[in-house]
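Enquirer: Got a structure for you, my_file.cif, holding mmCIF, C-alpha atoms.
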```
data_start
#
loop_
_atom_site.group_PDB
_atom_site.id
_atom_site.type_symbol
_atom_site.label_atom_id
_atom_site.label_comp_id
_atom_site.auth_asym_id
_atom_site.auth_seq_id
_atom_site.Cartn_x
_atom_site.Cartn_y
_atom_site.Cartn_z
ATOM 1 C CA MET A 190 0.000 0.000 0.000
ATOM 2 C CA THR A 191 1.347 3.433 -0.969
ATOM 3 C CA LEU A 192 0.301 7.030 -0.410
ATOM 4 C CA GLN A 193 -0.146 7.330 -4.165
ATOM 5 C CA GLN A 194 -2.702 4.534 -4.149
ATOM 6 C CA LEU A 195 -4.586 6.263 -1.356
ATOM 7 C CA LYS A 196 -4.650 9.454 -3.434
ATOM 8 C CA TYR A 197 -6.171 7.498 -6.318
ATOM 9 C CA VAL A 198 -8.851 6.043 -4.035
ATOM 10 C CA ILE A 199 -9.772 9.498 -2.760
ATOM 11 C CA ALA A 200 -9.911 10.936 -6.290
ATOM 12 C CA ILE A 201 -12.223 8.130 -7.435
ATOM 13 C CA ASP A 202 -14.489 8.690 -4.445
ATOM 14 C CA ARG A 203 -14.744 12.435 -4.996
ATOM 15 C CA LEU A 204 -15.321 12.308 -8.738
ATOM 16 C CA ARG A 205 -17.140 8.948 -8.943
ATOM 17 C CA ASN A 206 -15.699 8.556 -12.421
ATOM 18 C CA PHE A 207 -12.516 6.703 -13.392
ATOM 19 C CA ALA A 208 -11.709 8.841 -16.441
ATOM 20 C CA LYS A 209 -12.042 12.114 -14.491
ATOM 21 C CA ALA A 210 -10.106 10.729 -11.524
ATOM 22 C CA ALA A 211 -7.303 9.560 -13.807
ATOM 23 C CA GLU A 212 -7.141 12.979 -15.473
ATOM 24 C CA GLN A 213 -6.991 14.718 -12.097
ATOM 25 C CA CYS A 214 -4.208 12.389 -10.949
ATOM 26 C CA GLY A 215 -2.257 12.849 -14.185
ATOM 27 C CA ILE A 216 -2.266 9.174 -15.188
ATOM 28 C CA SER A 217 -4.093 7.014 -17.716
ATOM 29 C CA GLN A 218 -7.385 5.362 -16.846
ATOM 30 C CA PRO A 219 -5.975 1.822 -17.274
ATOM 31 C CA THR A 220 -3.161 2.675 -14.845
ATOM 32 C CA LEU A 221 -5.631 4.024 -12.307
ATOM 33 C CA SER A 222 -7.803 0.911 -12.586
ATOM 34 C CA ALA A 223 -4.775 -1.352 -12.241
ATOM 35 C CA MET A 224 -3.534 0.462 -9.134
ATOM 36 C CA LEU A 225 -6.965 0.219 -7.521
ATOM 37 C CA MET A 226 -7.231 -3.498 -8.302
ATOM 38 C CA LYS A 227 -3.752 -4.064 -6.862
ATOM 39 C CA LEU A 228 -4.771 -2.341 -3.613
ATOM 40 C CA GLU A 229 -8.021 -4.291 -3.421
ATOM 41 C CA GLU A 230 -6.111 -7.550 -3.928
ATOM 42 C CA GLU A 231 -3.609 -6.596 -1.226
ATOM 43 C CA LEU A 232 -6.393 -5.800 1.242
ATOM 44 C CA ASP A 233 -8.573 -8.661 0.024
ATOM 45 C CA VAL A 234 -11.605 -6.386 -0.088
ATOM 46 C CA ARG A 235 -13.598 -4.526 -2.732
ATOM 47 C CA ILE A 236 -13.401 -0.747 -2.208
ATOM 48 C CA PHE A 237 -15.787 0.308 -4.992
ATOM 49 C CA GLU A 238 -18.724 -1.305 -6.709
ATOM 50 C CA ARG A 239 -18.498 -0.208 -10.340
ATOM 51 C CA ASN A 240 -20.405 -0.731 -13.532
ATOM 52 C CA ASN A 241 -20.929 1.218 -16.740
ATOM 53 C CA LYS A 242 -23.172 3.742 -15.008
ATOM 54 C CA SER A 243 -21.816 4.288 -11.503
ATOM 55 C CA VAL A 244 -18.902 4.036 -9.092
ATOM 56 C CA ILE A 245 -20.051 3.599 -5.482
ATOM 57 C CA PRO A 246 -17.939 2.809 -2.386
ATOM 58 C CA THR A 247 -18.771 -0.388 -0.537
ATOM 59 C CA SER A 248 -19.474 -0.157 3.185
ATOM 60 C CA THR A 249 -15.903 -1.246 3.885
ATOM 61 C CA GLY A 250 -14.706 1.079 1.142
ATOM 62 C CA GLU A 251 -16.288 4.045 2.929
ATOM 63 C CA LYS A 252 -14.190 3.286 6.013
ATOM 64 C CA ILE A 253 -11.036 2.872 3.931
ATOM 65 C CA ILE A 254 -11.651 6.198 2.159
ATOM 66 C CA ARG A 255 -12.112 8.089 5.439
ATOM 67 C CA GLN A 256 -8.908 6.564 6.821
ATOM 68 C CA ALA A 257 -7.084 7.341 3.560
ATOM 69 C CA GLU A 258 -8.092 10.997 3.878
ATOM 70 C CA ARG A 259 -6.751 11.144 7.423
ATOM 71 C CA THR A 260 -3.542 9.339 6.454
ATOM 72 C CA LEU A 261 -2.792 11.689 3.560
ATOM 73 C CA SER A 262 -3.596 14.699 5.699
ATOM 74 C CA GLU A 263 -1.093 13.540 8.311
ATOM 75 C CA ALA A 264 1.547 12.827 5.660
ATOM 76 C CA GLU A 265 1.139 16.295 4.163
ATOM 77 C CA ARG A 266 1.750 17.833 7.573
ATOM 78 C CA ILE A 267 5.394 16.725 7.431
ATOM 79 C CA SER A 268 6.193 19.074 4.551
ATOM 80 C CA GLU A 269 3.947 21.732 6.095
ATOM 81 C CA LEU A 270 5.920 21.572 9.353
ATOM 82 C CA VAL A 271 9.180 22.051 7.466
ATOM 83 C CA SER A 272 7.776 24.993 5.492
ATOM 84 C CA GLU A 273 6.430 26.652 8.638
ATOM 85 C CA ASP A 274 9.786 26.310 10.401
ATOM 86 C CA LYS A 275 11.573 27.789 7.395
ATOM 87 C CA GLY A 276 9.116 30.666 7.232
ATOM 88 C CA VAL A 277 8.115 29.698 3.706
ATOM 89 C CA ILE A 278 4.548 30.440 2.611
ATOM 90 C CA SER A 279 3.682 28.451 -0.492
ATOM 91 C CA GLY A 280 1.589 25.543 -1.692
ATOM 92 C CA ALA A 281 -2.178 25.172 -1.922
ATOM 93 C CA LEU A 282 -4.971 26.493 0.279
ATOM 94 C CA THR A 283 -8.592 25.445 -0.068
ATOM 95 C CA LEU A 284 -11.012 27.913 1.491
ATOM 96 C CA SER A 285 -14.776 27.613 1.920
ATOM 97 C CA VAL A 286 -17.026 30.631 2.511
ATOM 98 C CA ALA A 287 -20.714 30.591 3.447
ATOM 99 C CA PRO A 288 -23.008 31.950 0.682
ATOM 100 C CA THR A 289 -24.465 34.639 2.987
ATOM 101 C CA ILE A 290 -20.949 36.008 3.574
ATOM 102 C CA ALA A 291 -19.249 35.428 0.218
ATOM 103 C CA PRO A 292 -20.706 38.401 -1.744
ATOM 104 C CA TYR A 293 -19.275 40.871 0.753
ATOM 105 C CA ILE A 294 -15.710 39.613 1.119
ATOM 106 C CA LEU A 295 -14.776 37.368 -1.825
ATOM 107 C CA PRO A 296 -14.335 39.932 -4.632
ATOM 108 C CA LYS A 297 -11.756 41.957 -2.691
ATOM 109 C CA LEU A 298 -10.306 38.918 -0.935
ATOM 110 C CA ILE A 299 -9.466 37.240 -4.241
ATOM 111 C CA LYS A 300 -7.935 40.390 -5.693
ATOM 112 C CA ASN A 301 -5.847 41.279 -2.654
ATOM 113 C CA TYR A 302 -4.823 37.709 -1.881
ATOM 114 C CA THR A 303 -3.547 36.890 -5.355
ATOM 115 C CA GLU A 304 -1.585 40.161 -5.396
ATOM 116 C CA SER A 305 -0.034 39.622 -1.966
ATOM 117 C CA PHE A 306 0.593 35.855 -2.120
ATOM 118 C CA PRO A 307 1.181 34.887 -5.763
ATOM 119 C CA THR A 308 3.038 31.667 -4.813
ATOM 120 C CA ILE A 309 -0.022 30.215 -3.056
ATOM 121 C CA HIS A 310 -2.595 28.341 -5.109
ATOM 122 C CA LEU A 311 -5.886 29.535 -3.613
ATOM 123 C CA SER A 312 -9.042 27.520 -4.257
ATOM 124 C CA ILE A 313 -12.391 28.840 -2.980
ATOM 125 C CA GLN A 314 -15.761 27.114 -2.677
ATOM 126 C CA GLU A 315 -19.093 28.424 -1.408
ATOM 127 C CA MET A 316 -20.715 26.051 1.087
ATOM 128 C CA LYS A 317 -23.403 26.221 3.702
ATOM 129 C CA THR A 318 -22.012 25.864 7.204
ATOM 130 C CA ASP A 319 -23.040 22.231 7.783
ATOM 131 C CA ALA A 320 -21.410 21.105 4.538
ATOM 132 C CA MET A 321 -18.349 23.236 5.285
ATOM 133 C CA LEU A 322 -17.765 21.612 8.670
ATOM 134 C CA LYS A 323 -18.224 18.155 7.184
ATOM 135 C CA GLU A 324 -15.666 18.864 4.457
ATOM 136 C CA LEU A 325 -13.255 20.226 7.075
ATOM 137 C CA SER A 326 -13.616 17.076 9.158
ATOM 138 C CA HIS A 327 -12.833 14.924 6.114
ATOM 139 C CA GLY A 328 -9.806 17.029 5.194
ATOM 140 C CA ARG A 329 -11.270 18.102 1.860
ATOM 141 C CA ILE A 330 -10.907 21.806 2.618
ATOM 142 C CA ASP A 331 -8.361 23.617 4.799
ATOM 143 C CA VAL A 332 -10.247 26.595 6.200
ATOM 144 C CA GLY A 333 -13.861 27.751 6.422
ATOM 145 C CA ILE A 334 -15.418 31.162 6.979
ATOM 146 C CA GLY A 335 -18.958 31.039 8.350
ATOM 147 C CA ILE A 336 -21.421 32.263 10.955
ATOM 148 C CA ALA A 337 -20.045 31.922 14.492
ATOM 149 C CA GLY A 338 -21.230 29.381 17.032
ATOM 150 C CA ASN A 339 -20.905 26.171 15.026
ATOM 151 C CA ALA A 340 -17.750 24.598 16.435
ATOM 152 C CA HIS A 341 -17.906 20.969 17.575
ATOM 153 C CA ASP A 342 -15.550 18.125 18.445
ATOM 154 C CA GLY A 343 -12.548 18.227 16.168
ATOM 155 C CA ILE A 344 -13.344 21.681 14.777
ATOM 156 C CA LEU A 345 -11.758 24.860 16.173
ATOM 157 C CA GLU A 346 -13.514 28.230 15.839
ATOM 158 C CA ILE A 347 -11.561 31.496 15.699
ATOM 159 C CA PRO A 348 -13.630 34.740 15.923
ATOM 160 C CA LEU A 349 -12.872 36.830 12.839
ATOM 161 C CA TYR A 350 -15.139 39.880 12.682
ATOM 162 C CA THR A 351 -18.462 41.219 13.887
ATOM 163 C CA GLU A 352 -20.956 42.883 11.566
ATOM 164 C CA LYS A 353 -23.918 44.988 12.651
ATOM 165 C CA PHE A 354 -27.401 44.575 11.251
ATOM 166 C CA MET A 355 -29.240 47.557 9.774
ATOM 167 C CA VAL A 356 -32.947 48.038 9.115
ATOM 168 C CA TYR A 357 -33.940 48.452 5.464
ATOM 169 C CA VAL A 358 -37.409 49.960 5.100
ATOM 170 C CA ALA A 359 -39.644 50.628 2.105
ATOM 171 C CA GLU A 360 -39.883 54.284 1.068
ATOM 172 C CA SER A 361 -43.651 54.139 1.594
ATOM 173 C CA CYS A 362 -43.318 53.698 5.343
ATOM 174 C CA TRP A 363 -39.924 54.882 6.493
ATOM 175 C CA ARG A 364 -41.091 58.376 7.440
ATOM 176 C CA LYS A 365 -43.671 56.930 9.846
ATOM 177 C CA ILE A 366 -41.073 55.441 12.208
ATOM 178 C CA PRO A 367 -38.183 57.849 12.830
ATOM 179 C CA VAL A 368 -36.504 55.627 15.454
ATOM 180 C CA PHE A 369 -36.345 51.859 15.143
ATOM 181 C CA LYS A 370 -36.724 49.660 18.179
ATOM 182 C CA PRO A 371 -38.015 46.081 18.362
ATOM 183 C CA GLU A 372 -41.460 47.128 19.534
ATOM 184 C CA ASN A 373 -41.935 49.227 16.387
ATOM 185 C CA LEU A 374 -41.260 46.446 13.970
ATOM 186 C CA GLU A 375 -44.268 44.194 14.565
ATOM 187 C CA HIS A 376 -46.433 46.812 12.842
ATOM 188 C CA GLU A 377 -44.795 46.384 9.454
ATOM 189 C CA LYS A 378 -44.340 43.451 7.108
ATOM 190 C CA MET A 379 -41.199 41.555 7.959
ATOM 191 C CA TRP A 380 -39.349 39.859 5.120
ATOM 192 C CA ILE A 381 -36.724 37.435 6.317
ATOM 193 C CA MET A 382 -34.041 35.036 5.174
ATOM 194 C CA LYS A 383 -33.596 32.444 7.897
ATOM 195 C CA GLU A 384 -30.010 31.407 7.361
ATOM 196 C CA ALA A 385 -28.686 34.944 7.034
ATOM 197 C CA GLN A 386 -30.771 36.661 9.693
ATOM 198 C CA CYS A 387 -32.002 34.171 12.312
ATOM 199 C CA MET A 388 -28.951 34.738 14.476
ATOM 200 C CA ARG A 389 -28.549 33.899 18.123
ATOM 201 C CA ASP A 390 -27.463 37.519 18.655
ATOM 202 C CA SER A 391 -30.253 39.171 16.665
ATOM 203 C CA ALA A 392 -31.818 42.147 18.411
ATOM 204 C CA PHE A 393 -35.344 41.545 17.194
ATOM 205 C CA SER A 394 -35.632 37.867 18.097
ATOM 206 C CA PHE A 395 -36.545 37.278 14.464
ATOM 207 C CA CYS A 396 -36.677 33.524 14.895
ATOM 208 C CA LYS A 397 -39.373 33.868 17.541
ATOM 209 C CA ALA A 398 -41.222 36.590 15.647
ATOM 210 C CA ARG A 399 -41.534 34.342 12.602
ATOM 211 C CA ALA A 400 -44.262 32.430 14.428
ATOM 212 C CA LYS A 401 -46.505 35.477 14.690
ATOM 213 C CA GLY A 402 -49.224 36.108 12.134
ATOM 214 C CA LYS A 403 -49.043 35.751 8.359
ATOM 215 C CA ARG A 404 -47.014 38.835 7.521
ATOM 216 C CA ILE A 405 -43.666 37.105 7.793
ATOM 217 C CA TYR A 406 -42.055 35.786 4.636
ATOM 218 C CA GLU A 407 -38.815 34.112 3.655
ATOM 219 C CA ALA A 408 -36.593 34.740 0.621
ATOM 220 C CA GLY A 409 -33.503 33.118 -0.836
ATOM 221 C CA SER A 410 -31.044 36.007 -0.663
ATOM 222 C CA ILE A 411 -30.636 39.405 0.928
ATOM 223 C CA GLU A 412 -30.662 41.051 -2.507
ATOM 224 C CA THR A 413 -34.059 39.451 -3.129
ATOM 225 C CA LEU A 414 -35.346 40.719 0.209
ATOM 226 C CA ILE A 415 -34.378 44.267 -0.670
ATOM 227 C CA ARG A 416 -36.198 44.089 -4.005
ATOM 228 C CA ILE A 417 -39.262 42.592 -2.289
ATOM 229 C CA VAL A 418 -39.339 45.444 0.202
ATOM 230 C CA ASP A 419 -38.967 48.025 -2.585
ATOM 231 C CA GLU A 420 -41.959 46.549 -4.435
ATOM 232 C CA ASN A 421 -44.209 45.427 -1.580
ATOM 233 C CA GLY A 422 -43.422 47.642 1.369
ATOM 234 C CA GLY A 423 -42.431 46.526 4.855
ATOM 235 C CA TYR A 424 -38.901 46.013 6.048
ATOM 236 C CA THR A 425 -36.015 43.604 6.435
ATOM 237 C CA ILE A 426 -32.620 43.627 8.104
ATOM 238 C CA ILE A 427 -29.336 43.674 6.193
ATOM 239 C CA PRO A 428 -25.704 43.296 7.234
ATOM 240 C CA GLU A 429 -23.846 46.597 7.187
ATOM 241 C CA MET A 430 -21.524 45.384 4.420
ATOM 242 C CA GLN A 431 -24.575 45.262 2.135
ATOM 243 C CA VAL A 432 -24.948 49.054 2.316
ATOM 244 C CA PRO A 433 -22.189 49.881 -0.233
ATOM 245 C CA PHE A 434 -24.037 47.688 -2.771
ATOM 246 C CA LEU A 435 -27.215 49.806 -2.500
ATOM 247 C CA THR A 436 -28.086 52.678 -4.792
ATOM 248 C CA GLU A 437 -27.903 56.216 -3.446
ATOM 249 C CA GLN A 438 -31.711 56.281 -3.191
ATOM 250 C CA GLN A 439 -31.846 52.925 -1.402
ATOM 251 C CA ARG A 440 -29.316 54.060 1.191
ATOM 252 C CA LYS A 441 -31.814 56.644 2.362
ATOM 253 C CA ASN A 442 -33.998 53.742 3.505
ATOM 254 C CA VAL A 443 -31.337 52.264 5.796
ATOM 255 C CA TYR A 444 -31.508 52.869 9.544
ATOM 256 C CA ARG A 445 -29.372 51.879 12.462
ATOM 257 C CA ILE A 446 -31.056 50.080 15.322
ATOM 258 C CA GLU A 447 -31.586 52.315 18.316
ATOM 259 C CA GLY A 448 -31.466 51.320 21.980
ATOM 260 C CA ASP A 449 -29.417 48.845 23.959
ATOM 261 C CA TYR A 450 -30.214 45.859 21.759
ATOM 262 C CA LEU A 451 -27.662 43.435 20.425
ATOM 263 C CA SER A 452 -28.047 43.279 16.657
ATOM 264 C CA GLN A 453 -25.105 41.756 14.895
ATOM 265 C CA ARG A 454 -23.724 38.633 13.341
ATOM 266 C CA ARG A 455 -20.358 37.222 14.282
ATOM 267 C CA ILE A 456 -18.197 35.625 11.600
ATOM 268 C CA SER A 457 -15.536 33.037 12.408
ATOM 269 C CA LEU A 458 -12.746 31.048 10.833
ATOM 270 C CA TYR A 459 -13.115 27.278 11.164
ATOM 271 C CA ILE A 460 -10.215 24.817 11.091
ATOM 272 C CA THR A 461 -9.606 21.326 12.425
ATOM 273 C CA ASP A 462 -8.176 21.293 15.937
ATOM 274 C CA ASP A 463 -4.912 19.787 14.656
ATOM 275 C CA PHE A 464 -4.348 22.432 11.969
ATOM 276 C CA ILE A 465 -0.699 23.557 12.052
ATOM 277 C CA ARG A 466 -0.289 25.995 9.133
ATOM 278 C CA GLN A 467 -0.270 29.163 11.197
ATOM 279 C CA ARG A 468 1.522 31.294 8.620
ATOM 280 C CA MET A 469 -0.873 30.137 5.914
ATOM 281 C CA LEU A 470 -3.886 30.924 8.106
ATOM 282 C CA ASN A 471 -2.593 34.433 8.709
ATOM 283 C CA THR A 472 -2.425 35.091 4.975
ATOM 284 C CA ILE A 473 -6.246 35.121 5.074
ATOM 285 C CA THR A 474 -6.524 37.485 8.040
ATOM 286 C CA GLU A 475 -3.800 39.787 6.724
ATOM 287 C CA THR A 476 -5.681 40.057 3.441
ATOM 288 C CA LEU A 477 -9.019 40.778 5.142
ATOM 289 C CA ILE A 478 -7.457 43.510 7.287
ATOM 290 C CA ARG A 479 -6.459 45.342 4.101
ATOM 291 C CA PHE A 480 -10.043 46.056 3.037
ATOM 292 C CA MET A 481 -12.496 45.340 5.881
ATOM 293 C CA PRO A 482 -14.214 48.387 7.444
ATOM 294 C CA LYS A 483 -12.233 49.819 10.317
ATOM 295 C CA GLY A 484 -13.145 48.396 13.711
ATOM 296 C CA MET A 485 -14.964 45.348 12.327
ATOM 297 C CA MET A 486 -12.136 42.797 12.591
ATOM 298 C CA GLU A 487 -11.312 41.203 15.946
ATOM 299 C CA GLU A 488 -8.866 43.553 17.645
ATOM 300 C CA ARG A 489 -6.466 40.821 18.792
ATOM 301 C CA ILE A 490 -6.198 39.475 15.229
ATOM 302 C CA VAL A 491 -5.404 42.952 13.918
ATOM 303 C CA LYS A 492 -2.707 43.403 16.588
ATOM 304 C CA TYR A 493 -1.200 39.954 16.914
ATOM 305 C CA GLY A 494 -2.513 37.737 14.144
ATOM 306 C CA ILE A 495 -3.592 34.155 14.814
ATOM 307 C CA LYS A 496 -1.498 32.036 17.154
ATOM 308 C CA LEU A 497 -2.018 28.281 17.066
#
```
Take the structure from the file and write it as structure tokens.
Expert:
Amino acid sequence: MTLQQLKYVIAIDRLRNFAKAAEQCGISQPTLSAMLMKLEEELDVRIFERNNKSVIPTSTGEKIIRQAERTLSEAERISELVSEDKGVISGALTLSVAPTIAPYILPKLIKNYTESFPTIHLSIQEMKTDAMLKELSHGRIDVGIGIAGNAHDGILEIPLYTEKFMVYVAESCWRKIPVFKPENLEHEKMWIMKEAQCMRDSAFSFCKARAKGKRIYEAGSIETLIRIVDENGGYTIIPEMQVPFLTEQQRKNVYRIEGDYLSQRRISLYITDDFIRQRMLNTITETLIRFMPKGMMEERIVKYGIKL
């Protein structure tokens, strides 16, 4: 059994296609098939059930694949340890960002990162938090950026920045409520996107309010919510980093939340608890610091970076 064979097994599992897996691994399909058969003969077990239409891991194959992912991850740490000790920042970094965060940070992150760290091959995927944490656990991605409060066994959470919520109100009703407090908001239509706005730290207890009456609706994106409010009246809440994307006229409909009410969402970095690439991790935070609004990033990260 070799590390190369384990890489082939993982590629087949991820792509579920021998031709694509062979192409990704830079070998011919017959060679890939032969290497898999050799491993199966050595282990005396079938790793994949395959026919002309599908490639599916067997129950034992699933266990072998998970162990192969862990084994390769551990092997890769040897070269990572050497690079870290030498102060070298290079190689590949796979980053996942939640869809409700990506529109606000990815455009500038990609631009600034590729300019500052041209020797690093950066790969970015959008994933919902549950999928992100699963991929982290399996070693398929290196780092995740998502809503805070989702750490669990094996996953380490590092607070990254905190973003305030704003109230976005239709022009037809904004003049009627000069100051926004939670008690005001039950009198207007509330348009809501659960994943983006039903936060533990939300000032308006939106998750609880969703059970009241029939004037509460859900949409698929914050941009959609804004258009719904413009056409139908009512209000929604938006993260403050959405404001620069609004037109000059729309910005007149944005209000801060008054009173001593917590209304924000916290964003965190997620890594496995045995992650060792400290210098690589700080390339992300250093890039974010370059363009994030002042005061939004965690102060200790701005001052000291991330220490593992």
Enquirer: How would you write, as a PDB file with C-alpha atoms, keeping the file's coordinate frame, the residues chosen by the PyMOL selection byres ((chain A and resi 250) around 12) on this structure?
Expert:
```
ATOM      1  CA  LEU A 195      -4.586   6.263  -1.356  1.00  0.00           C
ATOM      2  CA  VAL A 198      -8.851   6.043  -4.035  1.00  0.00           C
ATOM      3  CA  ILE A 199      -9.772   9.498  -2.760  1.00  0.00           C
ATOM      4  CA  ILE A 201     -12.223   8.130  -7.435  1.00  0.00           C
ATOM      5  CA  ASP A 202     -14.489   8.690  -4.445  1.00  0.00           C
ATOM      6  CA  LEU A 225      -6.965   0.219  -7.521  1.00  0.00           C
ATOM      7  CA  LEU A 228      -4.771  -2.341  -3.613  1.00  0.00           C
ATOM      8  CA  GLU A 229      -8.021  -4.291  -3.421  1.00  0.00           C
ATOM      9  CA  LEU A 232      -6.393  -5.800   1.242  1.00  0.00           C
ATOM     10  CA  ASP A 233      -8.573  -8.661   0.024  1.00  0.00           C
ATOM     11  CA  VAL A 234     -11.605  -6.386  -0.088  1.00  0.00           C
ATOM     12  CA  ARG A 235     -13.598  -4.526  -2.732  1.00  0.00           C
ATOM     13  CA  ILE A 236     -13.401  -0.747  -2.208  1.00  0.00           C
ATOM     14  CA  PHE A 237     -15.787   0.308  -4.992  1.00  0.00           C
ATOM     15  CA  GLU A 238     -18.724  -1.305  -6.709  1.00  0.00           C
ATOM     16  CA  VAL A 244     -18.902   4.036  -9.092  1.00  0.00           C
ATOM     17  CA  ILE A 245     -20.051   3.599  -5.482  1.00  0.00           C
ATOM     18  CA  PRO A 246     -17.939   2.809  -2.386  1.00  0.00           C
ATOM     19  CA  THR A 247     -18.771  -0.388  -0.537  1.00  0.00           C
ATOM     20  CA  SER A 248     -19.474  -0.157   3.185  1.00  0.00           C
ATOM     21  CA  THR A 249     -15.903  -1.246   3.885  1.00  0.00           C
ATOM     22  CA  GLU A 251     -16.288   4.045   2.929  1.00  0.00           C
ATOM     23  CA  LYS A 252     -14.190   3.286   6.013  1.00  0.00           C
ATOM     24  CA  ILE A 253     -11.036   2.872   3.931  1.00  0.00           C
ATOM     25  CA  ILE A 254     -11.651   6.198   2.159  1.00  0.00           C
ATOM     26  CA  ARG A 255     -12.112   8.089   5.439  1.00  0.00           C
ATOM     27  CA  GLN A 256      -8.908   6.564   6.821  1.00  0.00           C
ATOM     28  CA  ALA A 257      -7.084   7.341   3.560  1.00  0.00           C
TER      29      ALA A 257
END
```
Enquirer: Expand the PyMOL selection byres ((chain A and resi 488) around 12) into the individual residues it matches in the shown file, reporting them as a tab-separated table (two decimals) with C-alpha atoms, in the frame of the given file.
Expert:
```tsv
chain	number	residue	atom	x	y	z
A	348	PRO	CA	-13.63	34.74	15.92
A	349	LEU	CA	-12.87	36.83	12.84
A	350	TYR	CA	-15.14	39.88	12.68
A	351	THR	CA	-18.46	41.22	13.89
A	474	THR	CA	-6.52	37.48	8.04
A	478	ILE	CA	-7.46	43.51	7.29
A	483	LYS	CA	-12.23	49.82	10.32
A	484	GLY	CA	-13.14	48.40	13.71
A	485	MET	CA	-14.96	45.35	12.33
A	486	MET	CA	-12.14	42.80	12.59
A	487	GLU	CA	-11.31	41.20	15.95
A	489	ARG	CA	-6.47	40.82	18.79
A	490	ILE	CA	-6.20	39.48	15.23
A	491	VAL	CA	-5.40	42.95	13.92
A	492	LYS	CA	-2.71	43.40	16.59
A	493	TYR	CA	-1.20	39.95	16.91
A	494	GLY	CA	-2.51	37.74	14.14
A	495	ILE	CA	-3.59	34.16	14.81
```
Enquirer: Here's the selection I'm unsure about, the PyMOL selection byres ((chain A and resi 310) around 9); applied to the file above, which residues does it give, as a list in words?
Expert: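 For this structure, the PyMOL selection byres ((chain A and resi 310) around 9) captures Ser279, Gly280, Ala281, Leu282, Thr283, Thr303, Phe306, Pro307, Thr308, Ile309, Leu311 and Ser312 of chain A.
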Enquirer: How would the residues just picked look written out with C-alpha atoms as a tab-separated table (two decimals), in the coordinates of the input?
Expert:
```tsv
chain	number	residue	atom	x	y	z
A	279	SER	CA	3.68	28.45	-0.49
A	280	GLY	CA	1.59	25.54	-1.69
A	281	ALA	CA	-2.18	25.17	-1.92
A	282	LEU	CA	-4.97	26.49	0.28
A	283	THR	CA	-8.59	25.44	-0.07
A	303	THR	CA	-3.55	36.89	-5.36
A	306	PHE	CA	0.59	35.85	-2.12
A	307	PRO	CA	1.18	34.89	-5.76
A	308	THR	CA	3.04	31.67	-4.81
A	309	ILE	CA	-0.02	30.22	-3.06
A	311	LEU	CA	-5.89	29.54	-3.61
A	312	SER	CA	-9.04	27.52	-4.26
```
Enquirer: Taking all atoms of stretch 426-445 of chain A that the file lists, what box with edges along x, y and z, padded by 4 Å per side, do you get, with centre and edge lengths in Å to one decimal, as lines of an AutoDock Vina configuration file?
Expert:
```
center_x = -27.8
center_y = 50.0
center_z = 3.8
size_x = 20.5
size_y = 21.3
size_z = 25.3
```
Enquirer: Could you tell me which of A:Asn301, A:Ser410, A:Gln314, A:Asn241 comes closest to A:Met481 if we count only C-alpha atoms?
Expert: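 Of A:Asn301, A:Ser410, A:Gln314, A:Asn241, the one nearest A:Met481 is A:Asn301, counting only C-alpha atoms.
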Enquirer: Work out how far apart atom CA of A:Asp331 and atom CA of A:Glu429 are and give it in Å to one decimal.
Expert: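 Between atom CA of A:Asp331 and atom CA of A:Glu429 the gap works out to 27.8 Å.
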Enquirer: Per residue of stretch 262-313 of chain A within 12 Å of stretch 336-341 of chain A, note the shortest atom pair and the distance in Å to one decimal, counting all atoms listed in the file, and order the rows by chain and increasing residue number, as a Markdown table.
Expert:
```
| residue | atom | partner | partner_atom | distance |
| --- | --- | --- | --- | --- |
| A:Val286 | CA | A:Ile336 | CA | 9.7 |
| A:Ala287 | CA | A:Ile336 | CA | 7.7 |
| A:Pro288 | CA | A:Ile336 | CA | 10.4 |
| A:Thr289 | CA | A:Ile336 | CA | 8.9 |
| A:Ile290 | CA | A:Ile336 | CA | 8.3 |
| A:Ala291 | CA | A:Ile336 | CA | 11.4 |
```
Enquirer: What separation in Å, quoted to one decimal, exists between atom CA of A:Leu284 and atom CA of A:Met321?
Expert: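 Taking atom CA of A:Leu284 and atom CA of A:Met321, their separation equals 9.5 Å.
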Enquirer: So which one's closest to A:Met355, A:Thr413, A:Ser262, A:Thr318, A:Ser452? Using only C-alpha atoms, please.
Expert: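 Counting only C-alpha atoms, the residue closest to A:Met355 is A:Ser452.
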Enquirer: Just the number, please: distance in Å from atom CA of A:Ser222 to atom CA of A:Leu192, one decimal.
Expert: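 A separation of 15.9 Å between them.
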Enquirer: Given all atoms listed in the file as the basis, pick out the residue of A:Ile426, A:Gly333, A:Glu437, A:Lys300 nearest to A:Ile456.
Expert: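 Nearest to A:Ile456: A:Gly333.
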Enquirer: I'd like to know which of A:Leu345, A:Met379, A:Leu497, A:Ile330 is closest to A:Val358, using all atoms listed in the file.
Expert: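 Closest residue, counting all atoms listed in the file: A:Met379.
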Enquirer: My list of candidates is A:Thr260, A:Arg239, A:Asn442, A:Glu315. Which is closest to A:Pro292 when distances are computed with all atoms listed in the file?
Expert: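 Closest to A:Pro292, using all atoms listed in the file: A:Glu315.
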Enquirer: Kindly indicate which residue among A:Asn206, A:Tyr424, A:Asp419, A:Asn240 lies nearest to A:Gln438, using only C-alpha atoms for the distances.
Expert: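 Looking only at the distances to A:Gln438, the closest residue turns out to be A:Asp419.
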